[in-house]
$ cat target-v3.tsv   # TSV, N, CA and C atoms
chain	number	residue	atom	x	y	z
A	1	GLN	N	-71.50	-66.66	-97.11
A	1	GLN	CA	-71.98	-67.85	-97.82
A	1	GLN	C	-72.15	-68.98	-96.82
A	2	VAL	N	-73.32	-69.58	-96.82
A	2	VAL	CA	-73.60	-70.67	-95.90
A	2	VAL	C	-73.06	-71.97	-96.47
A	3	GLN	N	-72.34	-72.70	-95.65
A	3	GLN	CA	-71.80	-73.98	-96.07
A	3	GLN	C	-72.03	-75.01	-94.98
A	4	LEU	N	-72.35	-76.23	-95.39
A	4	LEU	CA	-72.55	-77.33	-94.47
A	4	LEU	C	-71.66	-78.49	-94.90
A	5	ALA	N	-71.07	-79.15	-93.94
A	5	ALA	CA	-70.20	-80.28	-94.26
A	5	ALA	C	-70.48	-81.41	-93.27
A	6	GLU	N	-71.02	-82.51	-93.79
A	6	GLU	CA	-71.31	-83.68	-92.97
A	6	GLU	C	-70.10	-84.62	-92.95
A	7	SER	N	-70.00	-85.36	-91.88
A	7	SER	CA	-68.98	-86.40	-91.76
A	7	SER	C	-69.46	-87.43	-90.74
A	8	GLY	N	-68.75	-88.54	-90.69
A	8	GLY	CA	-69.06	-89.55	-89.68
A	8	GLY	C	-69.76	-90.78	-90.19
A	9	GLY	N	-70.14	-90.78	-91.46
A	9	GLY	CA	-70.78	-91.96	-92.00
A	9	GLY	C	-69.79	-93.12	-92.15
A	10	GLY	N	-70.34	-94.27	-92.48
A	10	GLY	CA	-69.47	-95.43	-92.66
A	10	GLY	C	-70.27	-96.71	-92.67
A	11	LEU	N	-69.54	-97.81	-92.57
A	11	LEU	CA	-70.13	-99.14	-92.55
A	11	LEU	C	-70.16	-99.65	-91.11
A	12	VAL	N	-71.31	-100.11	-90.67
A	12	VAL	CA	-71.46	-100.59	-89.30
A	12	VAL	C	-72.38	-101.80	-89.31
A	13	GLN	N	-72.18	-102.69	-88.36
A	13	GLN	CA	-73.03	-103.87	-88.24
A	13	GLN	C	-74.35	-103.51	-87.56
A	14	PRO	N	-75.38	-104.29	-87.81
A	14	PRO	CA	-76.65	-104.06	-87.09
A	14	PRO	C	-76.42	-104.06	-85.59
A	15	GLY	N	-77.07	-103.12	-84.93
A	15	GLY	CA	-76.89	-102.96	-83.50
A	15	GLY	C	-75.79	-102.00	-83.12
A	16	GLY	N	-74.98	-101.60	-84.09
A	16	GLY	CA	-73.87	-100.70	-83.82
A	16	GLY	C	-74.30	-99.24	-83.75
A	17	SER	N	-73.29	-98.39	-83.58
A	17	SER	CA	-73.53	-96.95	-83.43
A	17	SER	C	-72.63	-96.14	-84.36
A	18	LEU	N	-73.11	-94.98	-84.71
A	18	LEU	CA	-72.33	-93.98	-85.44
A	18	LEU	C	-72.75	-92.61	-84.94
A	19	ARG	N	-71.83	-91.66	-85.04
A	19	ARG	CA	-72.19	-90.27	-84.76
A	19	ARG	C	-71.86	-89.43	-85.97
A	20	LEU	N	-72.88	-88.82	-86.53
A	20	LEU	CA	-72.70	-87.93	-87.66
A	20	LEU	C	-72.49	-86.50	-87.15
A	21	SER	N	-71.66	-85.77	-87.86
A	21	SER	CA	-71.40	-84.37	-87.54
A	21	SER	C	-71.73	-83.51	-88.75
A	22	CYS	N	-72.20	-82.31	-88.48
A	22	CYS	CA	-72.49	-81.34	-89.54
A	22	CYS	C	-71.93	-80.00	-89.09
A	23	VAL	N	-70.86	-79.57	-89.73
A	23	VAL	CA	-70.26	-78.27	-89.42
A	23	VAL	C	-70.92	-77.22	-90.31
A	24	VAL	N	-71.43	-76.19	-89.68
A	24	VAL	CA	-72.17	-75.14	-90.40
A	24	VAL	C	-71.39	-73.83	-90.30
A	25	SER	N	-71.14	-73.21	-91.42
A	25	SER	CA	-70.47	-71.91	-91.43
A	25	SER	C	-71.33	-70.91	-92.20
A	26	GLY	N	-71.16	-69.64	-91.85
A	26	GLY	CA	-71.85	-68.58	-92.58
A	26	GLY	C	-73.11	-68.06	-91.94
A	27	LEU	N	-73.52	-68.65	-90.81
A	27	LEU	CA	-74.67	-68.12	-90.09
A	27	LEU	C	-74.59	-68.55	-88.63
A	28	PRO	N	-75.27	-67.83	-87.73
A	28	PRO	CA	-75.26	-68.21	-86.31
A	28	PRO	C	-76.09	-69.46	-86.09
A	29	LEU	N	-75.45	-70.50	-85.61
A	29	LEU	CA	-76.07	-71.82	-85.56
A	29	LEU	C	-77.34	-71.84	-84.71
A	30	GLU	N	-77.34	-71.17	-83.59
A	30	GLU	CA	-78.48	-71.26	-82.68
A	30	GLU	C	-79.69	-70.48	-83.18
A	31	ASP	N	-79.53	-69.66	-84.18
A	31	ASP	CA	-80.64	-68.84	-84.68
A	31	ASP	C	-81.49	-69.55	-85.72
A	32	HIS	N	-81.10	-70.77	-86.07
A	32	HIS	CA	-81.79	-71.49	-87.13
A	32	HIS	C	-82.06	-72.93	-86.72
A	33	ALA	N	-83.20	-73.44	-87.14
A	33	ALA	CA	-83.47	-74.86	-86.96
A	33	ALA	C	-82.56	-75.65	-87.89
A	34	ILE	N	-82.08	-76.79	-87.39
A	34	ILE	CA	-81.20	-77.66	-88.16
A	34	ILE	C	-81.83	-79.05	-88.19
A	35	GLY	N	-81.81	-79.66	-89.36
A	35	GLY	CA	-82.41	-80.98	-89.47
A	35	GLY	C	-81.47	-81.98	-90.12
A	36	TRP	N	-81.73	-83.24	-89.80
A	36	TRP	CA	-81.07	-84.35	-90.49
A	36	TRP	C	-82.12	-85.06	-91.33
A	37	TYR	N	-81.73	-85.40	-92.55
A	37	TYR	CA	-82.60	-86.08	-93.49
A	37	TYR	C	-81.84	-87.27	-94.06
A	38	ARG	N	-82.56	-88.20	-94.66
A	38	ARG	CA	-81.87	-89.32	-95.27
A	38	ARG	C	-82.63	-89.76	-96.52
A	39	GLN	N	-81.87	-90.36	-97.41
A	39	GLN	CA	-82.46	-90.88	-98.64
A	39	GLN	C	-81.82	-92.22	-98.96
A	40	ALA	N	-82.64	-93.23	-98.99
A	40	ALA	CA	-82.19	-94.57	-99.36
A	40	ALA	C	-82.39	-94.77	-100.86
A	41	PRO	N	-81.64	-95.68	-101.46
A	41	PRO	CA	-81.78	-95.92	-102.91
A	41	PRO	C	-83.22	-96.23	-103.29
A	42	GLY	N	-83.70	-95.52	-104.30
A	42	GLY	CA	-85.04	-95.77	-104.80
A	42	GLY	C	-86.16	-95.22	-103.94
A	43	GLN	N	-85.80	-94.49	-102.90
A	43	GLN	CA	-86.81	-93.93	-101.99
A	43	GLN	C	-86.71	-92.42	-101.94
A	44	GLU	N	-87.79	-91.81	-101.48
A	44	GLU	CA	-87.79	-90.36	-101.33
A	44	GLU	C	-87.02	-89.97	-100.07
A	45	ARG	N	-86.53	-88.75	-100.09
A	45	ARG	CA	-85.85	-88.23	-98.91
A	45	ARG	C	-86.85	-88.07	-97.77
A	46	GLU	N	-86.43	-88.42	-96.58
A	46	GLU	CA	-87.31	-88.31	-95.43
A	46	GLU	C	-86.61	-87.58	-94.29
A	47	GLY	N	-87.40	-86.90	-93.49
A	47	GLY	CA	-86.86	-86.23	-92.32
A	47	GLY	C	-86.56	-87.23	-91.23
A	48	VAL	N	-85.43	-87.06	-90.57
A	48	VAL	CA	-85.01	-87.94	-89.50
A	48	VAL	C	-85.17	-87.25	-88.15
A	49	SER	N	-84.64	-86.04	-88.06
A	49	SER	CA	-84.67	-85.34	-86.78
A	49	SER	C	-84.48	-83.85	-87.01
A	50	CYS	N	-84.94	-83.06	-86.07
A	50	CYS	CA	-84.79	-81.61	-86.15
A	50	CYS	C	-84.53	-81.06	-84.75
A	51	ILE	N	-83.66	-80.06	-84.69
A	51	ILE	CA	-83.46	-79.30	-83.46
A	51	ILE	C	-83.84	-77.86	-83.77
A	52	SER	N	-84.69	-77.30	-82.93
A	52	SER	CA	-85.21	-75.97	-83.22
A	52	SER	C	-84.15	-74.90	-83.00
A	53	SER	N	-84.43	-73.73	-83.51
A	53	SER	CA	-83.63	-72.57	-83.16
A	53	SER	C	-83.87	-72.27	-81.67
A	54	SER	N	-82.93	-71.58	-81.08
A	54	SER	CA	-83.05	-71.29	-79.66
A	54	SER	C	-84.14	-70.27	-79.38
A	55	ALA	N	-84.72	-70.37	-78.21
A	55	ALA	CA	-85.75	-69.45	-77.75
A	55	ALA	C	-85.51	-69.21	-76.26
A	56	PRO	N	-86.14	-68.20	-75.68
A	56	PRO	CA	-85.95	-67.97	-74.23
A	56	PRO	C	-86.23	-69.20	-73.38
A	57	SER	N	-87.14	-70.04	-73.85
A	57	SER	CA	-87.49	-71.26	-73.09
A	57	SER	C	-86.56	-72.41	-73.39
A	58	GLY	N	-85.62	-72.23	-74.29
A	58	GLY	CA	-84.70	-73.30	-74.65
A	58	GLY	C	-84.89	-73.71	-76.09
A	59	PHE	N	-84.89	-75.01	-76.33
A	59	PHE	CA	-85.08	-75.50	-77.68
A	59	PHE	C	-85.82	-76.82	-77.63
A	60	THR	N	-86.32	-77.26	-78.76
A	60	THR	CA	-87.02	-78.53	-78.84
A	60	THR	C	-86.40	-79.39	-79.92
A	61	THR	N	-86.63	-80.68	-79.80
A	61	THR	CA	-86.18	-81.63	-80.81
A	61	THR	C	-87.34	-82.53	-81.20
A	62	ASN	N	-87.29	-83.03	-82.40
A	62	ASN	CA	-88.26	-84.05	-82.79
A	62	ASN	C	-87.58	-85.10	-83.65
A	63	TYR	N	-88.24	-86.23	-83.74
A	63	TYR	CA	-87.66	-87.39	-84.41
A	63	TYR	C	-88.72	-88.12	-85.22
A	64	ALA	N	-88.29	-88.71	-86.32
A	64	ALA	CA	-89.17	-89.62	-87.05
A	64	ALA	C	-89.48	-90.81	-86.14
A	65	GLU	N	-90.65	-91.35	-86.31
A	65	GLU	CA	-91.06	-92.47	-85.47
A	65	GLU	C	-90.10	-93.65	-85.60
A	66	SER	N	-89.54	-93.82	-86.76
A	66	SER	CA	-88.66	-94.97	-87.02
A	66	SER	C	-87.33	-94.88	-86.29
A	67	VAL	N	-86.96	-93.69	-85.82
A	67	VAL	CA	-85.66	-93.54	-85.15
A	67	VAL	C	-85.80	-93.08	-83.70
A	68	ALA	N	-86.99	-92.73	-83.29
A	68	ALA	CA	-87.20	-92.24	-81.93
A	68	ALA	C	-86.73	-93.28	-80.92
A	69	GLY	N	-85.98	-92.81	-79.93
A	69	GLY	CA	-85.43	-93.70	-78.92
A	69	GLY	C	-84.09	-94.30	-79.27
A	70	ARG	N	-83.69	-94.17	-80.53
A	70	ARG	CA	-82.39	-94.70	-80.97
A	70	ARG	C	-81.44	-93.59	-81.39
A	71	PHE	N	-81.96	-92.53	-81.96
A	71	PHE	CA	-81.15	-91.41	-82.46
A	71	PHE	C	-81.32	-90.21	-81.54
A	72	THR	N	-80.24	-89.42	-81.43
A	72	THR	CA	-80.28	-88.20	-80.64
A	72	THR	C	-79.61	-87.08	-81.41
A	73	ILE	N	-80.31	-85.97	-81.55
A	73	ILE	CA	-79.74	-84.79	-82.21
A	73	ILE	C	-79.27	-83.82	-81.13
A	74	SER	N	-78.14	-83.16	-81.41
A	74	SER	CA	-77.63	-82.17	-80.46
A	74	SER	C	-76.87	-81.10	-81.21
A	75	ARG	N	-76.61	-80.02	-80.51
A	75	ARG	CA	-75.94	-78.87	-81.16
A	75	ARG	C	-74.87	-78.32	-80.22
A	76	ASP	N	-73.72	-78.03	-80.79
A	76	ASP	CA	-72.64	-77.36	-80.06
A	76	ASP	C	-72.35	-76.07	-80.81
A	77	ALA	N	-72.92	-74.97	-80.30
A	77	ALA	CA	-72.79	-73.70	-81.02
A	77	ALA	C	-71.35	-73.23	-81.08
A	78	ALA	N	-70.59	-73.50	-80.04
A	78	ALA	CA	-69.19	-73.05	-80.02
A	78	ALA	C	-68.38	-73.71	-81.12
A	79	LYS	N	-68.73	-74.96	-81.43
A	79	LYS	CA	-68.04	-75.68	-82.50
A	79	LYS	C	-68.77	-75.57	-83.83
A	80	LYS	N	-69.88	-74.84	-83.83
A	80	LYS	CA	-70.69	-74.66	-85.05
A	80	LYS	C	-71.06	-76.02	-85.65
A	81	THR	N	-71.41	-76.94	-84.80
A	81	THR	CA	-71.62	-78.31	-85.23
A	81	THR	C	-72.93	-78.87	-84.67
A	82	VAL	N	-73.64	-79.59	-85.50
A	82	VAL	CA	-74.82	-80.35	-85.09
A	82	VAL	C	-74.49	-81.82	-85.25
A	83	TYR	N	-74.89	-82.61	-84.27
A	83	TYR	CA	-74.58	-84.03	-84.26
A	83	TYR	C	-75.85	-84.86	-84.38
A	84	LEU	N	-75.68	-86.06	-84.90
A	84	LEU	CA	-76.74	-87.06	-84.85
A	84	LEU	C	-76.12	-88.34	-84.33
A	85	GLN	N	-76.40	-88.65	-83.08
A	85	GLN	CA	-75.93	-89.90	-82.48
A	85	GLN	C	-76.92	-90.99	-82.85
A	86	MET	N	-76.42	-92.02	-83.49
A	86	MET	CA	-77.28	-93.10	-83.96
A	86	MET	C	-76.88	-94.40	-83.27
A	87	ASN	N	-77.77	-94.93	-82.48
A	87	ASN	CA	-77.52	-96.18	-81.76
A	87	ASN	C	-78.48	-97.26	-82.25
A	88	SER	N	-78.15	-98.49	-81.93
A	88	SER	CA	-79.01	-99.64	-82.30
A	88	SER	C	-79.38	-99.58	-83.77
A	89	LEU	N	-78.39	-99.37	-84.60
A	89	LEU	CA	-78.65	-99.21	-86.03
A	89	LEU	C	-79.21	-100.48	-86.64
A	90	ARG	N	-80.08	-100.27	-87.61
A	90	ARG	CA	-80.74	-101.36	-88.31
A	90	ARG	C	-80.40	-101.30	-89.79
A	91	ILE	N	-80.58	-102.39	-90.46
A	91	ILE	CA	-80.29	-102.43	-91.89
A	91	ILE	C	-81.10	-101.37	-92.63
A	92	GLU	N	-82.31	-101.14	-92.19
A	92	GLU	CA	-83.17	-100.16	-92.86
A	92	GLU	C	-82.75	-98.71	-92.60
A	93	ASP	N	-81.75	-98.50	-91.77
A	93	ASP	CA	-81.21	-97.14	-91.58
A	93	ASP	C	-80.19	-96.79	-92.67
A	94	THR	N	-79.86	-97.75	-93.51
A	94	THR	CA	-78.90	-97.50	-94.58
A	94	THR	C	-79.44	-96.42	-95.52
A	95	ALA	N	-78.65	-95.39	-95.73
A	95	ALA	CA	-79.06	-94.26	-96.56
A	95	ALA	C	-77.92	-93.25	-96.63
A	96	VAL	N	-78.09	-92.27	-97.51
A	96	VAL	CA	-77.25	-91.08	-97.46
A	96	VAL	C	-77.93	-90.09	-96.51
A	97	TYR	N	-77.18	-89.60	-95.56
A	97	TYR	CA	-77.72	-88.69	-94.56
A	97	TYR	C	-77.24	-87.27	-94.86
A	98	TYR	N	-78.19	-86.35	-94.82
A	98	TYR	CA	-77.93	-84.95	-95.12
A	98	TYR	C	-78.31	-84.08	-93.92
A	99	CYS	N	-77.55	-83.04	-93.67
A	99	CYS	CA	-78.01	-82.03	-92.75
A	99	CYS	C	-78.47	-80.82	-93.56
A	100	ALA	N	-79.37	-80.07	-92.96
A	100	ALA	CA	-79.95	-78.92	-93.65
A	100	ALA	C	-80.30	-77.85	-92.63
A	101	VAL	N	-80.28	-76.61	-93.09
A	101	VAL	CA	-80.56	-75.45	-92.24
A	101	VAL	C	-81.82	-74.75	-92.72
A	102	ASP	N	-82.70	-74.44	-91.79
A	102	ASP	CA	-83.88	-73.66	-92.11
A	102	ASP	C	-83.47	-72.23	-92.41
A	103	ARG	N	-83.96	-71.67	-93.47
A	103	ARG	CA	-83.54	-70.33	-93.88
A	103	ARG	C	-84.02	-69.24	-92.93
A	104	ARG	N	-85.05	-69.54	-92.11
A	104	ARG	CA	-85.61	-68.52	-91.23
A	104	ARG	C	-84.76	-68.35	-89.97
A	105	SER	N	-84.62	-67.11	-89.55
A	105	SER	CA	-84.00	-66.81	-88.28
A	105	SER	C	-85.11	-66.38	-87.34
A	106	LYS	N	-85.69	-67.37	-86.66
A	106	LYS	CA	-86.90	-67.14	-85.87
A	106	LYS	C	-86.80	-67.96	-84.60
A	107	PRO	N	-86.93	-67.34	-83.43
A	107	PRO	CA	-86.80	-68.09	-82.17
A	107	PRO	C	-87.78	-69.25	-82.07
A	108	GLY	N	-87.28	-70.39	-81.69
A	108	GLY	CA	-88.12	-71.55	-81.47
A	108	GLY	C	-88.67	-72.22	-82.70
A	109	ALA	N	-88.16	-71.86	-83.85
A	109	ALA	CA	-88.68	-72.44	-85.09
A	109	ALA	C	-88.19	-73.88	-85.27
A	110	LEU	N	-89.04	-74.72	-85.77
A	110	LEU	CA	-88.66	-76.08	-86.16
A	110	LEU	C	-88.41	-76.12	-87.66
A	111	CYS	N	-88.00	-77.28	-88.14
A	111	CYS	CA	-87.57	-77.40	-89.53
A	111	CYS	C	-88.77	-77.32	-90.47
A	112	ARG	N	-88.75	-76.35	-91.35
A	112	ARG	CA	-89.85	-76.20	-92.29
A	112	ARG	C	-89.41	-75.65	-93.63
A	113	GLU	N	-88.54	-74.69	-93.64
A	113	GLU	CA	-88.08	-74.07	-94.89
A	113	GLU	C	-86.58	-74.28	-95.01
A	114	MET	N	-86.21	-75.47	-95.43
A	114	MET	CA	-84.79	-75.84	-95.44
A	114	MET	C	-84.12	-75.24	-96.67
A	115	GLY	N	-83.29	-74.26	-96.45
A	115	GLY	CA	-82.72	-73.51	-97.57
A	115	GLY	C	-81.29	-73.87	-97.89
A	116	TYR	N	-80.62	-74.58	-96.99
A	116	TYR	CA	-79.21	-74.90	-97.20
A	116	TYR	C	-79.01	-76.38	-96.87
A	117	TRP	N	-78.24	-77.04	-97.74
A	117	TRP	CA	-78.04	-78.48	-97.60
A	117	TRP	C	-76.57	-78.83	-97.71
A	118	GLY	N	-76.19	-79.89	-96.99
A	118	GLY	CA	-74.85	-80.43	-97.14
A	118	GLY	C	-74.80	-81.43	-98.28
A	119	GLN	N	-73.63	-82.00	-98.47
A	119	GLN	CA	-73.42	-82.90	-99.60
A	119	GLN	C	-73.80	-84.34	-99.26
A	120	GLY	N	-74.00	-84.63	-97.98
A	120	GLY	CA	-74.42	-85.96	-97.58
A	120	GLY	C	-73.27	-86.86	-97.16
A	121	THR	N	-73.60	-87.81	-96.31
A	121	THR	CA	-72.62	-88.81	-95.88
A	121	THR	C	-73.32	-90.17	-95.88
A	122	GLN	N	-72.63	-91.17	-96.39
A	122	GLN	CA	-73.24	-92.50	-96.56
A	122	GLN	C	-73.16	-93.27	-95.25
A	123	VAL	N	-74.29	-93.83	-94.86
A	123	VAL	CA	-74.36	-94.76	-93.73
A	123	VAL	C	-74.85	-96.09	-94.25
A	124	THR	N	-74.06	-97.12	-94.02
A	124	THR	CA	-74.42	-98.46	-94.46
A	124	THR	C	-74.43	-99.38	-93.26
A	125	VAL	N	-75.56	-100.02	-93.03
A	125	VAL	CA	-75.69	-100.97	-91.93
A	125	VAL	C	-75.84	-102.35	-92.54
A	126	SER	N	-74.85	-103.17	-92.29
A	126	SER	CA	-74.83	-104.49	-92.93
A	126	SER	C	-74.00	-105.45	-92.09
A	127	SER	N	-74.40	-106.71	-92.13
A	127	SER	CA	-73.61	-107.73	-91.44
A	127	SER	C	-72.64	-108.39	-92.41
$ encode --input "target-v3.tsv" --output "C-alpha cells"
Amino acid sequence: QVQLAESGGGLVQPGGSLRLSCVVSGLPLEDHAIGWYRQAPGQEREGVSCISSSAPSGFTTNYAESVAGRFTISRDAAKKTVYLQMNSLRIEDTAVYYCAVDRRSKPGALCREMGYWGQGTQVTVSS
C-alpha cells in the first residue's frame, strides 16, 4: 500500500524559508516521478514542482514560473523522502501543499498521472 506523509509546514514571515518533507512508503522512490502541488483557499490546485523518475542520464526537475528560482525540489531515496525547499516566501505562497506520486514506473518520466496523494501540510506566509 502506497502512503505519503507531508510535514514541515507552518507560519513564516515574508522572505522566510521552510522545508517541506514527503515520506513515501510502498514503492521504490526513484522509479516514479514525484510532484508538489498546492491549493489556496478558493483556488484550484496547481502544480508547484516535479522531480522525474530516475533514468540512465539522471533526472530532471521543473518548477512553476511563480516559484522558479525560489523553490528547490530534491529526493533522498535512502530516506524515502522528497523535499521542497522554499526560500524568499511570499504571501501568495500561502496554501495547503501536497505531494503526489505518478503511478507510472517509467525511466525519466515527469509528473503526469498522479495516482497517490498525501494529506497536505499548511503553509502560511504572513507578517
$ closest_residue --input "target-v3.tsv" --among "A:Val24, A:Val12, A:Ala55, A:Ile34" --to "A:Thr81" --atoms "only N, CA and C atoms"
A:Val24
$ atom_distance --input "target-v3.tsv" --atom1 "atom C of A:Asp102" --atom2 "atom CA of A:Gly35"
9.3 Å
$ closest_residue --input "target-v3.tsv" --among "A:Glu65, A:Asp76, A:Glu92, A:Glu113" --to "A:Ser21" --atoms "only C-alpha atoms"
A:Asp76
$ residues_around --input "target-v3.tsv" --residues "A:Arg112" --least-positions-apart "2" --cutoff "12 Å" --atoms "only C-alpha atoms" --output "JSON, numbers by chain"
{"A": [32, 33, 34, 35, 47, 49, 50, 51, 52, 53, 100, 101, 102, 103, 104, 105, 106, 108, 109, 110, 114, 115, 116]}
$ closest_residue --input "target-v3.tsv" --among "A:Val96, A:Asn62, A:Lys80, A:Ala68" --to "A:Val23" --atoms "only C-alpha atoms"
A:Lys80
$ residues_around --input "target-v3.tsv" --residues "A:Ser25" --least-positions-apart "2" --cutoff "8 Å" --atoms "only N, CA and C atoms" --output "mmCIF file with N, CA and C atoms, keeping the file's coordinate frame"
data_model
loop_
_atom_site.group_PDB
_atom_site.id
_atom_site.type_symbol
_atom_site.label_atom_id
_atom_site.label_comp_id
_atom_site.auth_asym_id
_atom_site.auth_seq_id
_atom_site.Cartn_x
_atom_site.Cartn_y
_atom_site.Cartn_z
ATOM 1 N N GLN A 1 -71.500 -66.660 -97.110
ATOM 2 C CA GLN A 1 -71.980 -67.850 -97.820
ATOM 3 C C GLN A 1 -72.150 -68.980 -96.820
ATOM 4 N N VAL A 2 -73.320 -69.580 -96.820
ATOM 5 C CA VAL A 2 -73.600 -70.670 -95.900
ATOM 6 C C VAL A 2 -73.060 -71.970 -96.470
ATOM 7 N N GLN A 3 -72.340 -72.700 -95.650
ATOM 8 C CA GLN A 3 -71.800 -73.980 -96.070
ATOM 9 C C GLN A 3 -72.030 -75.010 -94.980
ATOM 10 N N LEU A 4 -72.350 -76.230 -95.390
ATOM 11 C CA LEU A 4 -72.550 -77.330 -94.470
ATOM 12 C C LEU A 4 -71.660 -78.490 -94.900
ATOM 13 N N ALA A 5 -71.070 -79.150 -93.940
ATOM 14 C CA ALA A 5 -70.200 -80.280 -94.260
ATOM 15 C C ALA A 5 -70.480 -81.410 -93.270
ATOM 16 N N CYS A 22 -72.200 -82.310 -88.480
ATOM 17 C CA CYS A 22 -72.490 -81.340 -89.540
ATOM 18 C C CYS A 22 -71.930 -80.000 -89.090
ATOM 19 N N VAL A 23 -70.860 -79.570 -89.730
ATOM 20 C CA VAL A 23 -70.260 -78.270 -89.420
ATOM 21 C C VAL A 23 -70.920 -77.220 -90.310
ATOM 22 N N LEU A 27 -73.520 -68.650 -90.810
ATOM 23 C CA LEU A 27 -74.670 -68.120 -90.090
ATOM 24 C C LEU A 27 -74.590 -68.550 -88.630
ATOM 25 N N PRO A 28 -75.270 -67.830 -87.730
ATOM 26 C CA PRO A 28 -75.260 -68.210 -86.310
ATOM 27 C C PRO A 28 -76.090 -69.460 -86.090
ATOM 28 N N LEU A 29 -75.450 -70.500 -85.610
ATOM 29 C CA LEU A 29 -76.070 -71.820 -85.560
ATOM 30 C C LEU A 29 -77.340 -71.840 -84.710
ATOM 31 N N LYS A 80 -69.880 -74.840 -83.830
ATOM 32 C CA LYS A 80 -70.690 -74.660 -85.050
ATOM 33 C C LYS A 80 -71.060 -76.020 -85.650
ATOM 34 N N THR A 81 -71.410 -76.940 -84.800
ATOM 35 C CA THR A 81 -71.620 -78.310 -85.230
ATOM 36 C C THR A 81 -72.930 -78.870 -84.670
#
$ residues_around --input "target-v3.tsv" --residues "A:Ser126" --least-positions-apart "5" --cutoff "6.5 Å" --atoms "all atoms listed in the file" --output "PDB file with N, CA and C atoms, keeping the file's coordinate frame"
ATOM      1  N   LEU A  11     -69.540 -97.810 -92.570  1.00  0.00           N
ATOM      2  CA  LEU A  11     -70.130 -99.140 -92.550  1.00  0.00           C
ATOM      3  C   LEU A  11     -70.160 -99.650 -91.110  1.00  0.00           C
ATOM      4  N   VAL A  12     -71.310-100.110 -90.670  1.00  0.00           N
ATOM      5  CA  VAL A  12     -71.460-100.590 -89.300  1.00  0.00           C
ATOM      6  C   VAL A  12     -72.380-101.800 -89.310  1.00  0.00           C
ATOM      7  N   GLN A  13     -72.180-102.690 -88.360  1.00  0.00           N
ATOM      8  CA  GLN A  13     -73.030-103.870 -88.240  1.00  0.00           C
ATOM      9  C   GLN A  13     -74.350-103.510 -87.560  1.00  0.00           C
ATOM     10  N   PRO A  14     -75.380-104.290 -87.810  1.00  0.00           N
ATOM     11  CA  PRO A  14     -76.650-104.060 -87.090  1.00  0.00           C
ATOM     12  C   PRO A  14     -76.420-104.060 -85.590  1.00  0.00           C
ATOM     13  N   ARG A  90     -80.080-100.270 -87.610  1.00  0.00           N
ATOM     14  CA  ARG A  90     -80.740-101.360 -88.310  1.00  0.00           C
ATOM     15  C   ARG A  90     -80.400-101.300 -89.790  1.00  0.00           C
ATOM     16  N   ILE A  91     -80.580-102.390 -90.460  1.00  0.00           N
ATOM     17  CA  ILE A  91     -80.290-102.430 -91.890  1.00  0.00           C
ATOM     18  C   ILE A  91     -81.100-101.370 -92.630  1.00  0.00           C
TER      19      ILE A  91
END
$ atom_distance --input "target-v3.tsv" --atom1 "atom N of A:Gln119" --atom2 "atom CA of A:Glu44"
16.7 Å
$ residues_near_point --input "target-v3.tsv" --point "(-77.6, -92.2, -85.3)" --cutoff "6 Å" --atoms "only N, CA and C atoms" --output "list in words"
Leu18, Arg19, Leu20, Arg70, Phe71, Thr72, Leu84, Gln85, Met86 and Asn87 of chain A
$ atom_distance --input "target-v3.tsv" --atom1 "atom C of A:Gly10" --atom2 "atom N of A:Thr94"
9.7 Å
$ closest_residue --input "target-v3.tsv" --among "A:Gly8, A:Gly42, A:Pro107, A:Gly69" --to "A:Glu30" --atoms "only C-alpha atoms"
A:Pro107
$ closest_residue --input "target-v3.tsv" --among "A:Val125, A:Ala95, A:Trp36, A:Gly26" --to "A:Ile73" --atoms "only C-alpha atoms"
A:Trp36
$ axis_aligned_box --input "target-v3.tsv" --around "stretch 4-15 of chain A" --padding-each-side "8 Å" --output "AutoDock Vina command-line options"
--center_x -72.9 --center_y -90.3 --center_z -89.3 --size_x 24.3 --size_y 44.1 --size_z 28.3
$ select_by_dssp --input "target-v3.tsv" --residues "stretch 86-119 of chain A" --states "strand (DSSP E or B)" --output "ChimeraX atom specification"
/A:86,95-102,114-117
$ select_by_dssp --input "target-v3.tsv" --residues "stretch 29-123 of chain A" --states "helix (DSSP H, G or I)" --output "list of chain:residue names"
A:Leu29, A:Glu30, A:Asp31, A:Ala77, A:Ala78, A:Lys79, A:Ile91, A:Glu92, A:Asp93
$ write_last_selection --input "target-v3.tsv" --atoms "N, CA and C atoms" --output "PDB file, keeping the file's coordinate frame"
ATOM      1  N   LEU A  29     -75.450 -70.500 -85.610  1.00  0.00           N
ATOM      2  CA  LEU A  29     -76.070 -71.820 -85.560  1.00  0.00           C
ATOM      3  C   LEU A  29     -77.340 -71.840 -84.710  1.00  0.00           C
ATOM      4  N   GLU A  30     -77.340 -71.170 -83.590  1.00  0.00           N
ATOM      5  CA  GLU A  30     -78.480 -71.260 -82.680  1.00  0.00           C
ATOM      6  C   GLU A  30     -79.690 -70.480 -83.180  1.00  0.00           C
ATOM      7  N   ASP A  31     -79.530 -69.660 -84.180  1.00  0.00           N
ATOM      8  CA  ASP A  31     -80.640 -68.840 -84.680  1.00  0.00           C
ATOM      9  C   ASP A  31     -81.490 -69.550 -85.720  1.00  0.00           C
ATOM     10  N   ALA A  77     -72.920 -74.970 -80.300  1.00  0.00           N
ATOM     11  CA  ALA A  77     -72.790 -73.700 -81.020  1.00  0.00           C
ATOM     12  C   ALA A  77     -71.350 -73.230 -81.080  1.00  0.00           C
ATOM     13  N   ALA A  78     -70.590 -73.500 -80.040  1.00  0.00           N
ATOM     14  CA  ALA A  78     -69.190 -73.050 -80.020  1.00  0.00           C
ATOM     15  C   ALA A  78     -68.380 -73.710 -81.120  1.00  0.00           C
ATOM     16  N   LYS A  79     -68.730 -74.960 -81.430  1.00  0.00           N
ATOM     17  CA  LYS A  79     -68.040 -75.680 -82.500  1.00  0.00           C
ATOM     18  C   LYS A  79     -68.770 -75.570 -83.830  1.00  0.00           C
ATOM     19  N   ILE A  91     -80.580-102.390 -90.460  1.00  0.00           N
ATOM     20  CA  ILE A  91     -80.290-102.430 -91.890  1.00  0.00           C
ATOM     21  C   ILE A  91     -81.100-101.370 -92.630  1.00  0.00           C
ATOM     22  N   GLU A  92     -82.310-101.140 -92.190  1.00  0.00           N
ATOM     23  CA  GLU A  92     -83.170-100.160 -92.860  1.00  0.00           C
ATOM     24  C   GLU A  92     -82.750 -98.710 -92.600  1.00  0.00           C
ATOM     25  N   ASP A  93     -81.750 -98.500 -91.770  1.00  0.00           N
ATOM     26  CA  ASP A  93     -81.210 -97.140 -91.580  1.00  0.00           C
ATOM     27  C   ASP A  93     -80.190 -96.790 -92.670  1.00  0.00           C
TER      28      ASP A  93
END
